[in-house]
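A.B. asks: What follows is protein.txt, compact mmCIF, C-alpha atoms.
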```
# COMPACT_ATOMS: atom_id res chain seq x y z
CA MET A 688 0.00 0.00 0.00
CA LYS A 689 1.02 3.64 -0.52
CA THR A 690 2.79 5.06 2.49
CA ASN A 691 3.11 8.66 1.35
CA ASN A 692 1.78 10.93 4.06
CA LEU A 693 1.56 8.01 6.49
CA TYR A 694 1.84 10.37 9.47
CA LEU A 695 -0.49 13.07 8.18
CA ILE A 696 -4.19 13.09 9.02
CA THR A 697 -5.26 15.50 6.35
CA ASP A 698 -7.02 16.04 3.02
CA VAL A 699 -6.84 13.07 0.66
CA GLU A 700 -7.40 13.46 -3.07
CA ASN A 701 -10.88 12.40 -4.25
CA TYR A 702 -12.42 12.64 -0.78
CA THR A 703 -14.27 15.40 1.07
CA PRO A 704 -12.41 16.93 4.08
CA HIS A 705 -13.76 14.75 6.90
CA ILE A 706 -13.81 11.58 4.78
CA GLY A 707 -10.20 12.34 3.81
CA ARG A 708 -9.18 12.44 7.46
CA LEU A 709 -11.07 9.23 8.15
CA VAL A 710 -9.28 7.61 5.20
CA SER A 711 -5.92 8.92 6.51
CA MET A 712 -6.57 7.21 9.84
CA MET A 713 -7.78 3.98 8.24
CA ASN A 714 -4.67 3.91 6.02
CA TYR A 715 -2.31 4.25 8.95
CA VAL A 716 -4.16 1.63 11.00
CA ARG A 717 -4.10 -0.86 8.14
CA TRP A 718 -0.43 -0.18 7.41
CA SER A 719 0.39 -0.83 11.08
CA THR A 720 -1.63 -4.09 11.09
CA LEU A 721 0.08 -5.37 7.95
CA ASP A 722 3.46 -4.34 9.32
CA GLU A 723 2.87 -6.74 12.25
CA VAL A 724 1.89 -9.78 10.22
CA GLU A 725 3.68 -9.71 6.89
CA ASP A 726 6.53 -11.91 8.12
CA LEU A 727 4.36 -14.52 9.85
CA ASN A 728 4.10 -18.11 8.65
CA VAL A 729 1.21 -20.55 8.95
CA GLN A 730 2.29 -21.86 12.34
CA HIS A 731 2.37 -18.32 13.74
CA LEU A 732 -0.94 -17.39 12.13
CA ASP A 733 -2.67 -20.50 13.53
CA TYR A 734 -1.15 -20.34 17.04
CA LEU A 735 -3.79 -20.55 19.79
CA HIS A 736 -2.39 -19.33 23.09
CA ASP A 737 -5.05 -21.10 25.13
CA ALA A 738 -8.53 -22.56 24.75
CA HIS A 739 -10.16 -19.12 24.73
CA SER A 740 -7.65 -17.30 22.55
CA ASN A 741 -8.06 -16.34 18.91
CA SER A 742 -5.34 -16.98 16.37
CA ILE A 743 -3.71 -14.08 14.53
CA GLY A 744 -5.20 -15.50 11.32
CA GLY A 745 -8.64 -15.48 12.92
CA LEU A 746 -8.16 -11.89 14.05
CA LEU A 747 -7.11 -10.80 10.54
CA MET A 748 -10.19 -12.43 9.05
CA HIS A 749 -12.30 -10.78 11.75
CA ILE A 750 -10.89 -7.36 10.81
CA ALA A 751 -11.94 -7.95 7.20
CA ALA A 752 -15.34 -9.26 8.34
CA VAL A 753 -16.13 -6.23 10.50
CA GLU A 754 -15.35 -3.94 7.58
CA ALA A 755 -17.53 -6.06 5.26
CA SER A 756 -20.34 -5.87 7.79
CA TYR A 757 -20.24 -2.05 7.87
CA GLN A 758 -20.15 -2.02 4.08
CA GLU A 759 -23.49 -3.80 4.20
CA SER A 760 -25.03 -1.59 6.88
CA THR A 761 -23.79 1.82 5.73
CA LEU A 762 -22.82 1.52 2.05
CA GLY A 763 -25.53 -0.82 0.79
CA LEU A 764 -23.07 -3.45 -0.43
CA ASN A 765 -23.66 -7.17 -0.35
CA SER A 766 -20.27 -8.01 1.07
CA PHE A 767 -20.89 -11.54 2.34
CA LYS A 768 -21.23 -13.00 -1.13
CA GLY A 769 -18.40 -14.44 -3.14
CA PRO A 770 -15.56 -16.91 -2.65
CA HIS A 771 -14.67 -15.97 0.95
CA SER A 772 -18.14 -15.28 2.31
CA GLU A 773 -18.20 -18.33 4.58
CA GLU A 774 -14.85 -17.45 6.21
CA LEU A 775 -15.92 -13.85 6.67
CA ARG A 776 -19.22 -14.86 8.22
CA ILE A 777 -17.50 -17.23 10.66
CA ALA A 778 -14.91 -14.60 11.61
CA LEU A 779 -17.47 -11.91 12.37
CA ASP A 780 -17.95 -13.16 15.90
CA LEU A 781 -14.71 -14.60 17.20
CA ALA A 782 -16.24 -17.74 18.64
CA LYS A 783 -15.11 -21.36 18.75
CA GLN A 784 -15.99 -21.88 15.10
CA ALA A 785 -13.49 -19.20 14.08
CA ARG A 786 -10.80 -20.86 16.21
CA THR A 787 -11.34 -24.27 14.67
CA ARG A 788 -12.12 -23.42 11.04
CA ILE A 789 -9.95 -20.45 10.10
CA LYS A 790 -6.49 -21.96 9.75
CA ARG A 791 -3.87 -23.48 7.46
CA HIS A 792 -3.62 -20.32 5.34
CA GLY A 793 -0.47 -18.40 4.51
CA VAL A 794 -0.49 -14.68 5.26
CA ASP A 795 -1.15 -13.84 1.60
CA HIS A 796 -4.61 -15.34 1.93
CA TYR A 797 -5.55 -12.87 4.66
CA LEU A 798 -3.82 -9.94 2.95
CA ARG A 799 -5.70 -10.56 -0.29
CA ILE A 800 -9.08 -10.60 1.48
CA LEU A 801 -8.26 -7.52 3.56
CA ALA A 802 -7.19 -5.65 0.43
CA ALA A 803 -10.25 -6.70 -1.57
CA VAL A 804 -12.63 -5.54 1.16
CA ARG A 805 -10.77 -2.27 1.71
CA SER A 806 -10.70 -1.51 -1.98
CA LYS A 807 -14.51 -1.54 -2.10
CA THR A 808 -14.74 0.77 0.94
CA LEU A 809 -12.41 3.34 -0.60
CA HIS A 810 -14.26 3.20 -3.90
CA GLU A 811 -17.60 3.83 -2.19
CA PHE A 812 -16.24 6.62 0.04
CA ALA A 813 -15.18 8.55 -3.07
CA SER A 814 -18.83 8.95 -4.09
CA ARG A 815 -19.98 10.11 -0.62
CA ASP A 816 -19.47 13.43 1.15
CA ASP A 817 -19.24 14.84 4.66
CA ARG A 818 -23.02 15.16 4.93
CA TRP A 819 -23.24 11.38 4.52
CA LEU A 820 -20.65 11.01 7.28
CA ASP A 821 -22.99 12.99 9.56
CA GLU A 822 -26.09 10.88 8.84
CA GLN A 823 -27.42 9.20 11.98
CA THR A 824 -29.37 6.03 12.70
CA PRO A 825 -30.27 4.33 15.99
CA PHE A 826 -27.33 2.12 16.97
CA TRP A 827 -26.13 0.26 20.07
CA ASP A 828 -28.78 0.44 22.81
CA GLY A 829 -30.90 2.47 20.40
CA ARG A 830 -28.66 5.51 20.80
CA PRO A 831 -27.85 7.51 17.67
CA ALA A 832 -24.63 6.91 15.77
CA ASN A 833 -23.48 8.67 12.63
CA ASN A 834 -21.59 7.11 9.73
CA TYR A 835 -18.38 8.73 10.95
CA PHE A 836 -18.72 6.85 14.24
CA LYS A 837 -19.50 3.57 12.48
CA TRP A 838 -16.36 3.80 10.34
CA PHE A 839 -14.32 5.04 13.29
CA HIS A 840 -15.52 1.88 15.02
CA VAL A 841 -14.27 -0.24 12.10
CA PHE A 842 -10.74 1.03 12.60
CA GLU A 843 -10.88 1.27 16.41
CA ASP A 844 -11.84 -2.42 16.50
CA GLU A 845 -8.90 -3.19 14.19
CA LEU A 846 -6.56 -1.34 16.58
CA ASN A 847 -7.96 -3.25 19.53
CA HIS A 848 -7.11 -6.51 17.74
CA ARG A 849 -3.77 -5.19 16.51
CA GLY A 850 -2.88 -4.86 20.19
CA GLN A 851 -3.77 -8.51 20.66
CA ILE A 852 -1.84 -9.49 17.52
CA ARG A 853 1.24 -7.73 18.92
CA TRP A 854 0.80 -9.54 22.23
CA LEU A 855 0.42 -12.93 20.53
CA LYS A 856 3.25 -12.25 18.11
CA LEU A 857 5.63 -11.62 20.99
CA ARG A 858 4.61 -14.96 22.58
CA ARG A 859 5.42 -16.92 19.44
CA LYS A 860 9.02 -15.86 19.99
CA PHE A 861 8.98 -17.79 23.25
CA THR A 862 6.86 -20.65 21.90
CA PHE A 863 8.25 -21.49 18.48
CA SER A 864 11.67 -22.02 17.11
CA PRO A 865 12.23 -20.27 13.77
CA ILE A 866 10.33 -21.91 10.93
CA THR A 867 12.14 -22.58 7.69
CA ALA A 868 10.62 -23.38 4.31
CA SER A 869 11.50 -27.05 4.69
CA THR A 870 9.20 -27.44 7.69
CA CYS A 871 6.17 -26.06 5.79
CA SER A 872 3.62 -28.35 4.21
CA PRO A 873 3.46 -28.17 0.38
CA SER A 874 -0.05 -26.70 0.48
CA ALA A 875 0.79 -23.86 2.83
CA SER A 876 2.59 -20.66 1.91
CA CYS A 877 5.01 -20.23 4.82
CA MET B 266 -17.45 11.23 32.13
CA LYS B 267 -20.23 12.64 29.93
CA THR B 268 -21.58 10.04 27.56
CA ASN B 269 -23.94 12.25 25.57
CA ASN B 270 -23.24 11.78 21.88
CA LEU B 271 -20.98 8.83 22.63
CA TYR B 272 -21.57 7.39 19.15
CA LEU B 273 -21.31 10.65 17.23
CA ILE B 274 -18.03 11.85 15.74
CA THR B 275 -19.06 15.43 15.18
CA ASP B 276 -18.77 19.07 16.26
CA VAL B 277 -18.07 19.54 19.97
CA GLU B 278 -18.81 22.85 21.71
CA ASN B 279 -15.72 25.03 22.27
CA TYR B 280 -13.63 23.22 19.65
CA THR B 281 -12.98 23.88 15.96
CA PRO B 282 -14.48 21.29 13.53
CA HIS B 283 -11.53 18.91 13.16
CA ILE B 284 -10.47 19.24 16.82
CA GLY B 285 -14.11 18.51 17.77
CA ARG B 286 -14.03 15.26 15.83
CA LEU B 287 -10.69 14.33 17.36
CA VAL B 288 -12.14 15.02 20.82
CA SER B 289 -15.22 12.90 19.95
CA MET B 290 -12.96 9.97 19.12
CA MET B 291 -10.76 10.46 22.20
CA ASN B 292 -13.91 10.58 24.38
CA TYR B 293 -15.25 7.30 23.04
CA VAL B 294 -11.88 5.58 23.33
CA ARG B 295 -11.46 6.71 26.94
CA TRP B 296 -15.02 5.72 27.82
CA SER B 297 -14.39 2.25 26.39
CA THR B 298 -11.11 1.88 28.32
CA LEU B 299 -12.72 2.90 31.61
CA ASP B 300 -15.66 0.61 30.92
CA GLU B 301 -13.21 -2.33 30.88
CA VAL B 302 -11.43 -1.57 34.12
CA GLU B 303 -13.83 0.14 36.52
CA ASP B 304 -14.77 -3.14 38.23
CA LEU B 305 -11.23 -4.48 38.63
CA ASN B 306 -9.56 -4.92 42.01
CA VAL B 307 -5.89 -4.73 42.90
CA GLN B 308 -5.24 -8.38 42.20
CA HIS B 309 -6.68 -8.04 38.71
CA LEU B 310 -4.83 -4.78 38.05
CA ASP B 311 -1.49 -6.28 39.15
CA TYR B 312 -1.88 -9.64 37.36
CA LEU B 313 1.14 -10.52 35.21
CA HIS B 314 0.27 -13.23 32.71
CA ASP B 315 3.90 -14.21 32.14
CA ALA B 316 7.39 -12.81 32.56
CA HIS B 317 7.01 -10.56 29.51
CA SER B 318 3.47 -9.37 30.08
CA ASN B 319 2.37 -5.99 31.38
CA SER B 320 -0.25 -5.66 34.08
CA ILE B 321 -3.52 -3.87 33.39
CA GLY B 322 -2.45 -1.26 35.94
CA GLY B 323 0.81 -0.77 34.08
CA LEU B 324 -1.05 -0.38 30.80
CA LEU B 325 -3.38 2.24 32.30
CA MET B 326 -0.43 4.23 33.59
CA HIS B 327 1.22 3.88 30.17
CA ILE B 328 -1.90 5.32 28.50
CA ALA B 329 -1.69 8.36 30.79
CA ALA B 330 2.07 8.62 30.21
CA VAL B 331 1.79 8.62 26.41
CA GLU B 332 -0.76 11.44 26.60
CA ALA B 333 1.49 13.38 29.00
CA SER B 334 4.38 12.93 26.62
CA TYR B 335 2.42 14.40 23.67
CA GLN B 336 1.32 17.28 25.91
CA GLU B 337 5.00 18.09 26.29
CA SER B 338 5.89 17.71 22.63
CA THR B 339 2.87 19.41 21.03
CA LEU B 340 1.24 21.60 23.70
CA GLY B 341 4.32 22.94 25.48
CA LEU B 342 3.25 21.56 28.88
CA ASN B 343 5.60 20.24 31.49
CA SER B 344 3.57 17.12 32.23
CA PHE B 345 6.17 15.01 34.00
CA LYS B 346 6.27 17.22 37.08
CA GLY B 347 4.10 16.74 40.11
CA PRO B 348 3.12 13.94 42.48
CA HIS B 349 2.87 11.14 39.89
CA SER B 350 5.74 12.12 37.63
CA GLU B 351 7.91 9.14 38.59
CA GLU B 352 5.15 6.60 37.86
CA LEU B 353 4.38 8.28 34.54
CA ARG B 354 8.01 8.31 33.53
CA ILE B 355 8.42 4.62 34.37
CA ALA B 356 5.23 3.70 32.49
CA LEU B 357 6.22 5.50 29.30
CA ASP B 358 8.17 2.51 28.08
CA LEU B 359 6.54 -0.67 29.29
CA ALA B 360 9.76 -2.32 30.41
CA LYS B 361 10.64 -4.46 33.41
CA GLN B 362 10.66 -1.44 35.72
CA ALA B 363 6.97 -0.80 34.94
CA ARG B 364 6.14 -4.45 35.66
CA THR B 365 7.87 -4.42 39.03
CA ARG B 366 7.12 -0.91 40.30
CA ILE B 367 3.60 -0.03 39.18
CA LYS B 368 1.40 -2.10 41.46
CA ARG B 369 -0.62 -2.27 44.67
CA HIS B 370 -2.97 0.52 43.57
CA GLY B 371 -6.75 0.39 43.44
CA VAL B 372 -8.36 1.37 40.14
CA ASP B 373 -9.20 4.85 41.47
CA HIS B 374 -5.51 5.67 41.51
CA TYR B 375 -5.23 5.10 37.76
CA LEU B 376 -8.55 6.76 36.98
CA ARG B 377 -7.55 9.90 38.85
CA ILE B 378 -4.28 10.21 36.96
CA LEU B 379 -5.91 9.50 33.59
CA ALA B 380 -8.57 12.14 34.30
CA ALA B 381 -6.04 14.73 35.46
CA VAL B 382 -3.92 14.31 32.33
CA ARG B 383 -6.94 14.33 30.00
CA SER B 384 -8.35 17.44 31.61
CA LYS B 385 -5.23 19.40 30.69
CA THR B 386 -5.37 18.15 27.09
CA LEU B 387 -8.98 19.23 26.63
CA HIS B 388 -8.26 22.62 28.19
CA GLU B 389 -5.37 23.22 25.80
CA PHE B 390 -7.27 22.00 22.73
CA ALA B 391 -9.93 24.65 23.37
CA SER B 392 -7.39 27.40 22.69
CA ARG B 393 -6.08 25.79 19.47
CA ASP B 394 -7.67 25.56 16.03
CA ASP B 395 -7.63 23.36 12.94
CA ARG B 396 -4.61 25.17 11.53
CA TRP B 397 -2.66 24.03 14.60
CA LEU B 398 -3.87 20.47 13.94
CA ASP B 399 -2.30 20.72 10.46
CA GLU B 400 1.10 21.93 11.67
CA GLN B 401 3.88 19.50 10.76
CA THR B 402 7.25 18.60 12.24
CA PRO B 403 9.73 15.83 11.35
CA PHE B 404 8.65 12.71 13.25
CA TRP B 405 9.39 8.97 13.14
CA ASP B 406 12.24 8.26 10.70
CA GLY B 407 12.34 12.00 10.01
CA ARG B 408 9.09 11.84 8.05
CA PRO B 409 6.60 14.68 8.58
CA ALA B 410 3.71 14.27 11.02
CA ASN B 411 1.06 16.83 11.82
CA ASN B 412 -0.51 17.46 15.24
CA TYR B 413 -3.65 15.61 14.14
CA PHE B 414 -1.56 12.49 13.55
CA LYS B 415 0.25 12.86 16.87
CA TRP B 416 -3.03 13.02 18.80
CA PHE B 417 -4.55 10.29 16.67
CA HIS B 418 -1.52 8.24 17.74
CA VAL B 419 -2.28 8.98 21.41
CA PHE B 420 -5.70 7.37 21.10
CA GLU B 421 -4.68 4.63 18.64
CA ASP B 422 -2.05 3.50 21.13
CA GLU B 423 -4.71 3.50 23.86
CA LEU B 424 -6.92 1.28 21.67
CA ASN B 425 -4.03 -1.07 21.03
CA HIS B 426 -3.59 -1.49 24.79
CA ARG B 427 -7.34 -1.65 25.41
CA GLY B 428 -7.28 -4.76 23.22
CA GLN B 429 -4.59 -6.20 25.50
CA ILE B 430 -6.53 -5.17 28.61
CA ARG B 431 -9.58 -7.03 27.27
CA TRP B 432 -7.45 -10.10 26.60
CA LEU B 433 -5.89 -10.00 30.07
CA LYS B 434 -9.21 -9.27 31.73
CA LEU B 435 -10.73 -12.38 30.20
CA ARG B 436 -7.81 -14.48 31.54
CA ARG B 437 -8.33 -13.30 35.11
CA LYS B 438 -11.72 -15.06 34.96
CA PHE B 439 -9.86 -18.34 34.51
CA THR B 440 -7.06 -17.44 36.90
CA PHE B 441 -8.73 -15.88 39.92
CA SER B 442 -11.69 -16.74 42.05
CA PRO B 443 -13.91 -13.73 42.82
CA ILE B 444 -12.27 -11.34 45.27
CA THR B 445 -14.31 -10.08 48.19
CA ALA B 446 -13.51 -7.14 50.46
CA SER B 447 -12.38 -9.47 53.24
CA THR B 448 -9.51 -10.82 51.09
CA CYS B 449 -8.10 -7.34 50.41
CA SER B 450 -5.21 -5.92 52.40
CA PRO B 451 -6.07 -2.83 54.50
CA SER B 452 -3.79 -0.62 52.40
CA ALA B 453 -5.32 -1.59 49.08
CA SER B 454 -8.60 -0.33 47.64
CA CYS B 455 -10.17 -3.53 46.27
```
As structure tokens - that is how I would like this structure written.
C.D. replies:
Amino acid sequence: MKTNNLYLITDVENYTPHIGRLVSMMNYVRWSTLDEVEDLNVQHLDYLHDAHSNSIGGLLMHIAAVEASYQESTLGLNSFKGPHSEELRIALDLAKQARTRIKRHGVDHYLRILAAVRSKTLHEFASRDDRWLDEQTPFWDGRPANNYFKWFHVFEDELNHRGQIRWLKLRRKFTFSPITASTCSPSASC
Amino acid sequence: MKTNNLYLITDVENYTPHIGRLVSMMNYVRWSTLDEVEDLNVQHLDYLHDAHSNSIGGLLMHIAAVEASYQESTLGLNSFKGPHSEELRIALDLAKQARTRIKRHGVDHYLRILAAVRSKTLHEFASRDDRWLDEQTPFWDGRPANNYFKWFHVFEDELNHRGQIRWLKLRRKFTFSPITASTCSPSASC
């Protein structure tokens, strides 16, 4: 992804002023998530710290799923159709099913899905304006939320899980010895 | 804290438009952090999951310390003076010293410090405007960052650690039996 202006929350070409700042924040958050995971192999991505823990792979799929879910509710997209819809649906709530079924993928699998979902968001944002960002509907507990809050929530949830990814990633250093290509199964991209 | 408009990222009285939205986001993030920790006792706040883990208390002090640090660098305040300066300084980098020295406090201790630091930020923001938010200086790796990014970083770091607090908080359910007042030491607020 482009990392020009990575540390500037500012106007972004093709977007209205407040959407541009939202996009700036989402860009930085995504860059920082990818920066944590790009060097991880399948064993790292599937690592479950304990019976209640999510894997890093599961968290990455969840991040994509939350974004897809807000595409449906705020942008009118049908984002749970297509080749990865089942994985996205499972990852939306990080329950046991996500722990047992989202695994054995190399990092590229997650990165491709994250990028595909994000690409649709950015495309849709370009045809909206700051008045759309201000539009409100009843939300959690029936209290009003505007579209800015809903998309802020998409990235604040990602940051929450990035914190957990960092925590888990540090533990793999104590748990695993370095993985080399020869220890990877032929079907997995390590 | 006030929770009116908790789910609206919008104009906030006394602040310019972009600062108002930044304040909206910081308010929600802080509310969500406090919501996680308000019921925790000293044993929960001091819990160290392993030799490399930070305690929830340490993370809360770190959140206050990061904000204090950006008050110094962007608002010209001298935020590491006063009764809690030593704790804040130790918590700024979450190293071994933070793990061993920040403990035996009830949650009110952390909440008071977080509120005191935040109060100064909000006071200072009221006398700045969106042009100040756009001001740039060389930052990480010498690349330019504006004040909006620096304060976005303050709350994105808090969210990162809130994710870790949630993870740790869930583990205390498996680790501790419920604590009652009678099991607390007289010096600790449980």
A.B. asks: Any idea which chain A residues end up within 8 Å of chain B if we count all atoms listed in the file, as an mmCIF file with C-alpha atoms, keeping the file's coordinate frame please?
C.D. replies:
```
data_model
loop_
_atom_site.group_PDB
_atom_site.id
_atom_site.type_symbol
_atom_site.label_atom_id
_atom_site.label_comp_id
_atom_site.auth_asym_id
_atom_site.auth_seq_id
_atom_site.Cartn_x
_atom_site.Cartn_y
_atom_site.Cartn_z
ATOM 1 C CA ASN A 692 1.780 10.930 4.060
ATOM 2 C CA TYR A 694 1.840 10.370 9.470
ATOM 3 C CA LEU A 695 -0.490 13.070 8.180
ATOM 4 C CA ILE A 696 -4.190 13.090 9.020
ATOM 5 C CA THR A 697 -5.260 15.500 6.350
ATOM 6 C CA HIS A 705 -13.760 14.750 6.900
ATOM 7 C CA MET A 712 -6.570 7.210 9.840
ATOM 8 C CA ASP A 821 -22.990 12.990 9.560
ATOM 9 C CA ARG A 830 -28.660 5.510 20.800
ATOM 10 C CA PRO A 831 -27.850 7.510 17.670
ATOM 11 C CA ALA A 832 -24.630 6.910 15.770
ATOM 12 C CA ASN A 833 -23.480 8.670 12.630
ATOM 13 C CA TYR A 835 -18.380 8.730 10.950
ATOM 14 C CA PHE A 836 -18.720 6.850 14.240
ATOM 15 C CA LYS A 837 -19.500 3.570 12.480
ATOM 16 C CA PHE A 839 -14.320 5.040 13.290
ATOM 17 C CA GLU A 843 -10.880 1.270 16.410
ATOM 18 C CA LEU A 846 -6.560 -1.340 16.580
ATOM 19 C CA ASN A 847 -7.960 -3.250 19.530
ATOM 20 C CA HIS A 848 -7.110 -6.510 17.740
ATOM 21 C CA ARG A 849 -3.770 -5.190 16.510
ATOM 22 C CA GLY A 850 -2.880 -4.860 20.190
ATOM 23 C CA GLN A 851 -3.770 -8.510 20.660
ATOM 24 C CA TRP A 854 0.800 -9.540 22.230
#
```
A.B. asks: Quick one: pull the distance between atom CA of Val729 of chain A and atom CA of Ile750 of chain A, Å, one decimal.
C.D. replies: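 Answer for the atom CA of Val729 of chain A to atom CA of Ile750 of chain A separation: 18.0 Å.
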A.B. asks: Using Å and a single decimal, report how far atom CA of Thr703 of chain A sits from atom CA of Asp816 of chain A.
C.D. replies: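 Separating atom CA of Asp816 of chain A from atom CA of Thr703 of chain A is a distance of 5.6 Å.
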A.B. asks: Can you work out which one of B:Gly285, B:Gly407, B:Gly347, B:Gly322 has the shortest atom-to-atom distance to Glu303 of chain B, counting all atoms listed in the file?
C.D. replies: B:Gly322
A.B. asks: To one decimal in Å, tell me the separation between atom CA of Glu759 of chain A and atom CA of Met291 of chain B.
C.D. replies: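 It comes out at 26.3 Å.
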A.B. asks: Neighbouring residues of Arg393 of chain B were defined as those with any atom within 10 Å, considering only C-alpha atoms; residues of the same chain fewer than 2 positions away were excluded. Please report them as a list in words.
C.D. replies: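 Everything that qualifies: Tyr280, Thr281, Ile284, Leu340, His388, Glu389, Phe390, Ala391, Asp395, Arg396, Trp397 and Leu398 of chain B.
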A.B. asks: List the neighbours of Ile378 of chain B out to 10 Å using all atoms listed in the file; skip same-chain residues closer than 3 positions along the sequence, and give me the result as a ChimeraX atom specification.
C.D. replies: /B:325-326,329-330,348-349,353,373-375,381-384
A.B. asks: Return segment 699-706 of chain A, completed with all heavy atoms, as a short mmCIF file (atom, residue, chain, number, x, y, z; two decimals), keeping the file's coordinate frame.
C.D. replies:
```cif
data_model
loop_
_atom_site.label_atom_id
_atom_site.label_comp_id
_atom_site.auth_asym_id
_atom_site.auth_seq_id
_atom_site.Cartn_x
_atom_site.Cartn_y
_atom_site.Cartn_z
N VAL A 699 -7.29 14.13 1.57
CA VAL A 699 -6.84 13.07 0.66
C VAL A 699 -7.58 13.26 -0.66
O VAL A 699 -8.81 13.47 -0.67
CB VAL A 699 -7.16 11.67 1.24
CG1 VAL A 699 -6.74 10.58 0.26
CG2 VAL A 699 -6.46 11.48 2.58
N GLU A 700 -6.83 13.23 -1.74
CA GLU A 700 -7.40 13.46 -3.07
C GLU A 700 -8.61 12.56 -3.31
O GLU A 700 -8.59 11.37 -2.96
CB GLU A 700 -6.31 13.18 -4.13
CG GLU A 700 -6.58 13.87 -5.45
CD GLU A 700 -5.45 13.60 -6.45
OE1 GLU A 700 -4.30 13.35 -6.02
OE2 GLU A 700 -5.75 13.61 -7.66
N ASN A 701 -9.62 13.10 -3.89
CA ASN A 701 -10.88 12.40 -4.25
C ASN A 701 -11.87 12.26 -3.10
O ASN A 701 -12.94 11.66 -3.28
CB ASN A 701 -10.63 11.00 -4.83
CG ASN A 701 -9.84 11.06 -6.12
OD1 ASN A 701 -9.99 12.01 -6.88
ND2 ASN A 701 -8.99 10.06 -6.34
N TYR A 702 -11.52 12.76 -1.92
CA TYR A 702 -12.42 12.64 -0.78
C TYR A 702 -12.73 14.01 -0.19
O TYR A 702 -11.89 14.92 -0.24
CB TYR A 702 -11.82 11.73 0.30
CG TYR A 702 -11.55 10.32 -0.19
CD1 TYR A 702 -10.26 9.93 -0.56
CD2 TYR A 702 -12.59 9.40 -0.33
CE1 TYR A 702 -10.01 8.65 -1.03
CE2 TYR A 702 -12.36 8.12 -0.81
CZ TYR A 702 -11.07 7.75 -1.16
OH TYR A 702 -10.83 6.48 -1.63
N THR A 703 -13.91 14.15 0.39
CA THR A 703 -14.27 15.40 1.07
C THR A 703 -13.45 15.51 2.37
O THR A 703 -12.86 14.51 2.82
CB THR A 703 -15.79 15.42 1.35
OG1 THR A 703 -16.14 14.20 2.02
CG2 THR A 703 -16.57 15.53 0.05
N PRO A 704 -13.38 16.72 2.98
CA PRO A 704 -12.41 16.93 4.08
C PRO A 704 -12.49 15.93 5.23
O PRO A 704 -11.47 15.37 5.65
CB PRO A 704 -12.72 18.35 4.55
CG PRO A 704 -13.25 19.03 3.33
CD PRO A 704 -14.03 18.00 2.58
N HIS A 705 -13.69 15.67 5.75
CA HIS A 705 -13.76 14.75 6.90
C HIS A 705 -13.56 13.29 6.45
O HIS A 705 -12.93 12.52 7.17
CB HIS A 705 -15.09 14.92 7.64
CG HIS A 705 -15.18 16.23 8.38
ND1 HIS A 705 -14.27 16.60 9.35
CD2 HIS A 705 -16.06 17.26 8.28
CE1 HIS A 705 -14.58 17.79 9.82
NE2 HIS A 705 -15.66 18.22 9.19
N ILE A 706 -14.06 12.95 5.28
CA ILE A 706 -13.81 11.58 4.78
C ILE A 706 -12.31 11.40 4.53
O ILE A 706 -11.75 10.34 4.84
CB ILE A 706 -14.63 11.27 3.50
CG1 ILE A 706 -16.14 11.24 3.84
CG2 ILE A 706 -14.22 9.93 2.90
CD1 ILE A 706 -17.06 10.87 2.68
#
```
